[in-house]
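Here's data_7.txt, which has compact mmCIF, C-alpha atoms:
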```txt
# COMPACT_ATOMS: atom_id res chain seq x y z
CA MET A 1 59.80 115.92 133.88
CA ARG A 2 56.45 114.99 132.31
CA VAL A 3 55.60 118.60 131.42
CA GLU A 4 59.07 119.22 130.01
CA ASP A 5 58.77 116.06 127.92
CA GLU A 6 55.45 117.34 126.59
CA GLN A 7 57.29 120.54 125.68
CA ARG A 8 59.85 118.41 123.77
CA ARG A 9 62.80 120.16 125.34
CA ILE A 10 64.52 117.01 126.54
CA ASP A 11 67.39 115.95 124.29
CA LEU A 12 66.92 112.20 124.79
CA ARG A 13 70.01 111.21 122.83
CA VAL A 14 72.41 113.48 124.70
CA GLY A 15 70.59 112.93 128.00
CA GLY A 16 70.73 109.15 127.65
CA ILE A 17 74.49 109.17 127.04
CA LEU A 18 75.22 111.61 129.87
CA GLY A 19 72.84 109.76 132.18
CA ALA A 20 74.64 106.48 131.54
CA ALA A 21 77.94 108.24 132.23
CA THR A 22 76.75 109.25 135.72
CA LEU A 23 76.18 105.63 136.77
CA PRO A 24 79.74 104.72 137.86
CA GLY A 25 80.08 107.93 139.85
CA SER A 26 76.62 107.55 141.42
CA ILE A 27 77.39 104.02 142.60
CA ALA A 28 80.87 104.96 143.86
CA GLY A 29 79.54 107.99 145.75
CA ALA A 30 76.79 105.98 147.44
CA LEU A 31 79.30 103.28 148.47
CA LEU A 32 81.92 105.69 149.82
CA VAL A 33 79.70 108.20 151.63
CA SER A 34 79.65 106.24 154.90
CA HIS A 35 83.45 105.93 155.02
CA VAL A 36 84.50 109.57 154.59
CA PRO A 37 84.19 112.43 157.14
CA ARG A 38 81.64 114.92 155.89
CA GLN A 39 82.52 118.18 157.63
CA ALA A 40 85.59 119.21 155.63
CA PHE A 41 84.10 117.96 152.39
CA ASP A 42 80.89 119.92 152.97
CA ILE A 43 82.89 123.12 153.39
CA VAL A 44 84.87 122.46 150.20
CA MET A 45 81.66 121.70 148.32
CA ALA A 46 80.04 124.88 149.64
CA VAL A 47 82.96 126.90 148.29
CA VAL A 48 82.68 125.16 144.92
CA LEU A 49 78.93 125.88 144.70
CA ALA A 50 79.45 129.51 145.72
CA LEU A 51 82.10 129.94 143.03
CA LEU A 52 79.79 128.30 140.49
CA ALA A 53 77.01 130.72 141.48
CA LEU A 54 79.33 133.71 141.06
CA TRP A 55 80.43 132.36 137.68
CA LEU A 56 76.81 132.19 136.55
CA LEU A 57 76.02 135.66 137.88
CA THR A 58 78.95 137.25 136.05
CA SER A 59 78.82 135.29 132.79
CA GLU A 60 76.69 135.88 129.75
CA PRO A 61 74.61 133.10 128.14
CA HIS A 62 77.00 130.97 126.13
CA PRO A 63 76.90 131.68 122.37
CA PRO A 64 76.24 128.79 119.98
CA ARG A 65 79.24 126.48 119.80
CA ALA A 66 81.08 126.43 116.49
CA PRO A 67 80.54 123.11 114.67
CA ARG A 68 83.44 120.66 114.94
CA SER A 69 83.82 117.15 113.65
CA SER A 70 84.27 115.85 117.21
CA ASN A 71 81.00 117.43 118.40
CA THR A 72 77.50 116.00 118.14
CA HIS A 73 75.24 118.35 116.18
CA ARG A 74 71.71 118.56 117.56
CA ILE A 75 68.48 120.19 116.37
CA LEU A 76 65.48 120.30 118.69
CA ILE A 77 62.07 121.84 117.99
CA ASP A 78 59.72 122.18 120.98
CA THR A 79 55.93 122.15 120.93
CA SER A 80 55.78 125.94 120.58
CA GLY A 81 57.80 125.71 117.35
CA ARG A 82 60.97 127.20 118.82
CA ARG A 83 64.06 125.75 117.17
CA TYR A 84 67.21 124.95 119.14
CA GLU A 85 70.37 124.16 117.20
CA TYR A 86 73.61 123.45 119.02
CA ASP A 87 76.74 121.28 119.09
CA VAL A 88 77.69 119.14 122.08
CA PRO A 89 81.26 117.94 122.79
CA MET A 90 80.26 114.49 124.05
CA LEU A 91 83.60 113.31 125.43
CA PRO A 92 83.99 116.24 127.87
CA GLY A 93 80.29 115.88 128.68
CA VAL A 94 80.72 112.20 129.57
CA LEU A 95 83.77 112.89 131.75
CA LEU A 96 82.01 115.74 133.55
CA SER A 97 78.92 113.56 134.10
CA VAL A 98 81.01 110.88 135.80
CA VAL A 99 82.32 113.50 138.25
CA ILE A 100 78.88 115.07 138.77
CA GLY A 101 77.35 111.64 139.43
CA PHE A 102 79.93 110.94 142.13
CA VAL A 103 79.71 114.36 143.81
CA SER A 104 75.89 114.39 143.80
CA SER A 105 75.58 110.86 145.18
CA PHE A 106 78.35 111.38 147.73
CA LEU A 107 76.93 114.63 149.10
CA GLY A 108 73.28 113.69 148.75
CA ILE A 109 72.40 116.86 146.82
CA GLY A 110 70.48 117.16 143.58
CA GLY A 111 72.85 116.86 140.65
CA GLY A 112 70.81 119.37 138.69
CA VAL A 113 72.32 122.32 140.57
CA ILE A 114 75.68 121.33 139.11
CA HIS A 115 74.66 119.67 135.84
CA VAL A 116 72.45 122.51 134.57
CA PRO A 117 75.10 125.27 134.66
CA VAL A 118 77.82 122.92 133.41
CA MET A 119 75.65 121.77 130.51
CA SER A 120 74.43 125.24 129.54
CA GLN A 121 77.77 127.03 129.90
CA LEU A 122 80.26 124.37 128.79
CA LEU A 123 78.46 121.79 126.66
CA GLY A 124 76.39 123.92 124.30
CA PRO A 125 72.64 123.35 124.83
CA PRO A 126 70.57 126.51 125.50
CA LEU A 127 69.49 126.90 129.12
CA HIS A 128 65.90 125.72 128.59
CA VAL A 129 67.11 122.54 126.88
CA ALA A 130 69.89 122.09 129.43
CA THR A 131 67.39 122.32 132.30
CA ALA A 132 64.95 119.79 130.83
CA THR A 133 67.69 117.38 129.75
CA SER A 134 69.41 117.61 133.13
CA HIS A 135 66.18 116.51 134.82
CA PHE A 136 66.21 113.44 132.59
CA VAL A 137 69.85 112.76 133.53
CA LEU A 138 69.04 113.34 137.20
CA ALA A 139 66.27 110.71 137.12
CA ILE A 140 68.80 108.11 135.94
CA MET A 141 71.49 109.26 138.37
CA SER A 142 69.37 109.53 141.50
CA GLY A 143 67.60 106.25 140.76
CA THR A 144 70.94 104.45 140.58
CA ALA A 145 72.17 106.01 143.83
CA THR A 146 68.91 105.11 145.58
CA LEU A 147 69.13 101.47 144.48
CA THR A 148 72.72 101.33 145.71
CA HIS A 149 71.69 102.67 149.12
CA LEU A 150 68.84 100.12 149.22
CA ALA A 151 71.28 97.31 148.47
CA GLN A 152 73.50 98.52 151.32
CA GLY A 153 70.61 98.59 153.75
CA SER A 154 70.98 102.34 154.30
CA TYR A 155 67.31 103.02 153.70
CA ARG A 156 65.00 102.48 156.67
CA ALA A 157 61.25 101.88 156.48
CA GLY A 158 58.71 103.67 158.69
CA ASP A 159 59.49 107.37 159.07
CA GLY A 160 61.99 107.24 156.22
CA LEU A 161 59.38 105.90 153.82
CA ARG A 162 56.76 108.47 154.85
CA ARG A 163 59.24 111.31 154.47
CA SER A 164 60.30 110.06 151.05
CA ILE A 165 56.69 109.90 149.86
CA ALA A 166 56.00 113.42 151.16
CA LEU A 167 59.12 114.78 149.48
CA SER A 168 58.26 113.00 146.23
CA VAL A 169 54.80 114.57 146.12
CA GLY A 170 56.31 118.02 146.66
CA VAL A 171 58.92 117.44 143.96
CA ILE A 172 56.33 116.28 141.43
CA VAL A 173 54.11 119.32 142.02
CA GLY A 174 57.07 121.71 141.99
CA ALA A 175 58.48 120.20 138.81
CA GLN A 176 55.22 120.77 136.93
CA LEU A 177 54.97 124.39 138.09
CA GLY A 178 58.63 125.08 137.34
CA ALA A 179 58.44 123.61 133.85
CA ARG A 180 55.38 125.71 132.99
CA LEU A 181 56.87 128.91 134.42
CA SER A 182 60.07 128.38 132.43
CA LEU A 183 58.07 128.97 129.25
CA LYS A 184 57.44 132.54 130.38
CA THR A 185 60.84 133.22 131.93
CA SER A 186 63.87 134.68 130.18
CA VAL A 187 67.22 132.89 130.16
CA PRO A 188 69.03 135.64 132.15
CA LEU A 189 66.40 135.48 134.91
CA ILE A 190 66.59 131.68 135.09
CA GLN A 191 70.37 131.97 135.31
CA ARG A 192 70.13 134.44 138.20
CA LEU A 193 67.60 132.28 140.05
CA LEU A 194 69.84 129.25 139.62
CA SER A 195 72.74 131.26 141.05
CA LEU A 196 70.68 132.16 144.12
CA ALA A 197 69.75 128.49 144.58
CA LEU A 198 73.42 127.51 144.46
CA LEU A 199 74.29 130.17 147.05
CA ALA A 200 71.48 128.92 149.30
CA ILE A 201 72.78 125.35 149.12
CA ALA A 202 76.32 126.55 149.83
CA ALA A 203 75.10 128.47 152.87
CA ARG A 204 73.24 125.40 154.15
CA LEU A 205 76.32 123.18 153.75
CA ILE A 206 78.45 125.64 155.71
CA ALA A 207 75.81 125.99 158.43
CA GLU A 208 75.58 122.21 158.86
CA ALA A 209 79.33 121.58 158.68
```
So, in terms of structure tokens, how does the structure I just supplied come out?
Amino acid sequence: MRVEDEQRRIDLRVGGILGAATLPGSIAGALLVSHVPRQAFDIVMAVVLALLALWLLTSEPHPPRAPRSSNTHRILIDTSGRRYEYDVPMLPGVLLSVVIGFVSSFLGIGGGVIHVPVMSQLLGPPLHVATATSHFVLAIMSGTATLTHLAQGSYRAGDGLRRSIALSVGVIVGAQLGARLSLKTSVPLIQRLLSLALLAIAARLIAEA
């Protein structure tokens, strides 16, 4: 997220509101996960992710949303001088973020795989802005879910701590590389790569169900 913040592609205002909206769902998902059978839900989620991937593969980048009084008009200029102007319907965005927070926390998957396509296709921000802003939202969402699991005593020290540190190092390195590569990657290619990632997650959920 640091590199993307340096690129000034994070919409802090929209991201802050949507991040706050994920909190109830994140807490609820973390509290309920130990009380619900996972197998059937994993299969349903895999189907949803596969359909989302197919939607991305067959859809064109969303055109700029027509200004409306109920939308929040945003203008963002990144460090390269590229100007992004778009309108965000905040109420649908908040409602969707509540659902995404719950699903991501409940299933233990990164909310970005859902939040990025939803934000770019339904809420208005261009894909590069949607990706960077979703990482900001994800930091709020995953942090809340982690604290809830800690409060429940679900997190174990020892091997769990070492694995978390190793995963964190990998995520930090990968995030920097991904953010830099996005500067040289077209929106259609990013959209196709995201679709493949969604299909991979769907396949993993089915395999583990």
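The two atoms in question, atom CA of Arg192 of chain A and atom CA of Trp55 of chain A, are spaced 10.5 Å apart.
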Contacts of segment 72-107 of chain A with segment 8-27 of chain A up to 8 Å, shortest pair per row, only C-alpha atoms, as JSON lines:
```
{"residue": "A:Leu76", "atom": "CA", "partner": "A:Arg9", "partner_atom": "CA", "distance": 7.2}
{"residue": "A:Ile77", "atom": "CA", "partner": "A:Arg8", "partner_atom": "CA", "distance": 7.1}
{"residue": "A:Asp78", "atom": "CA", "partner": "A:Arg8", "partner_atom": "CA", "distance": 4.7}
{"residue": "A:Thr79", "atom": "CA", "partner": "A:Arg8", "partner_atom": "CA", "distance": 6.1}
{"residue": "A:Met90", "atom": "CA", "partner": "A:Val14", "partner_atom": "CA", "distance": 7.9}
{"residue": "A:Gly93", "atom": "CA", "partner": "A:Leu18", "partner_atom": "CA", "distance": 6.7}
{"residue": "A:Val94", "atom": "CA", "partner": "A:Ala21", "partner_atom": "CA", "distance": 5.5}
{"residue": "A:Leu95", "atom": "CA", "partner": "A:Ala21", "partner_atom": "CA", "distance": 7.5}
{"residue": "A:Ser97", "atom": "CA", "partner": "A:Thr22", "partner_atom": "CA", "distance": 5.1}
{"residue": "A:Val98", "atom": "CA", "partner": "A:Thr22", "partner_atom": "CA", "distance": 4.6}
{"residue": "A:Val99", "atom": "CA", "partner": "A:Gly25", "partner_atom": "CA", "distance": 6.2}
{"residue": "A:Ile100", "atom": "CA", "partner": "A:Thr22", "partner_atom": "CA", "distance": 6.9}
{"residue": "A:Gly101", "atom": "CA", "partner": "A:Thr22", "partner_atom": "CA", "distance": 4.5}
{"residue": "A:Phe102", "atom": "CA", "partner": "A:Gly25", "partner_atom": "CA", "distance": 3.8}
{"residue": "A:Val103", "atom": "CA", "partner": "A:Gly25", "partner_atom": "CA", "distance": 7.6}
{"residue": "A:Ser104", "atom": "CA", "partner": "A:Ser26", "partner_atom": "CA", "distance": 7.3}
{"residue": "A:Ser105", "atom": "CA", "partner": "A:Ser26", "partner_atom": "CA", "distance": 5.1}
{"residue": "A:Phe106", "atom": "CA", "partner": "A:Ser26", "partner_atom": "CA", "distance": 7.6}
```
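Closest approach to Glu85 of chain A among A:Leu189, A:Val129, A:Leu31, A:Met141 is made by A:Val129 (distances from all atoms listed in the file).
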_Residue contacts of segment 198-207 of chain A (9 Å, all atoms listed in the file) excluding same-chain residues fewer than 4 positions away, as an NGL selection string_ = :A and (39 or 42-43 or 45-54 or 109 or 113-114 or 193-194)
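You will find atom CA of Tyr84 of chain A at 27.2 Å from atom CA of Ser142 of chain A.
Here atom CA of Leu147 of chain A and atom CA of Ser34 of chain A stand 15.6 Å from one another.
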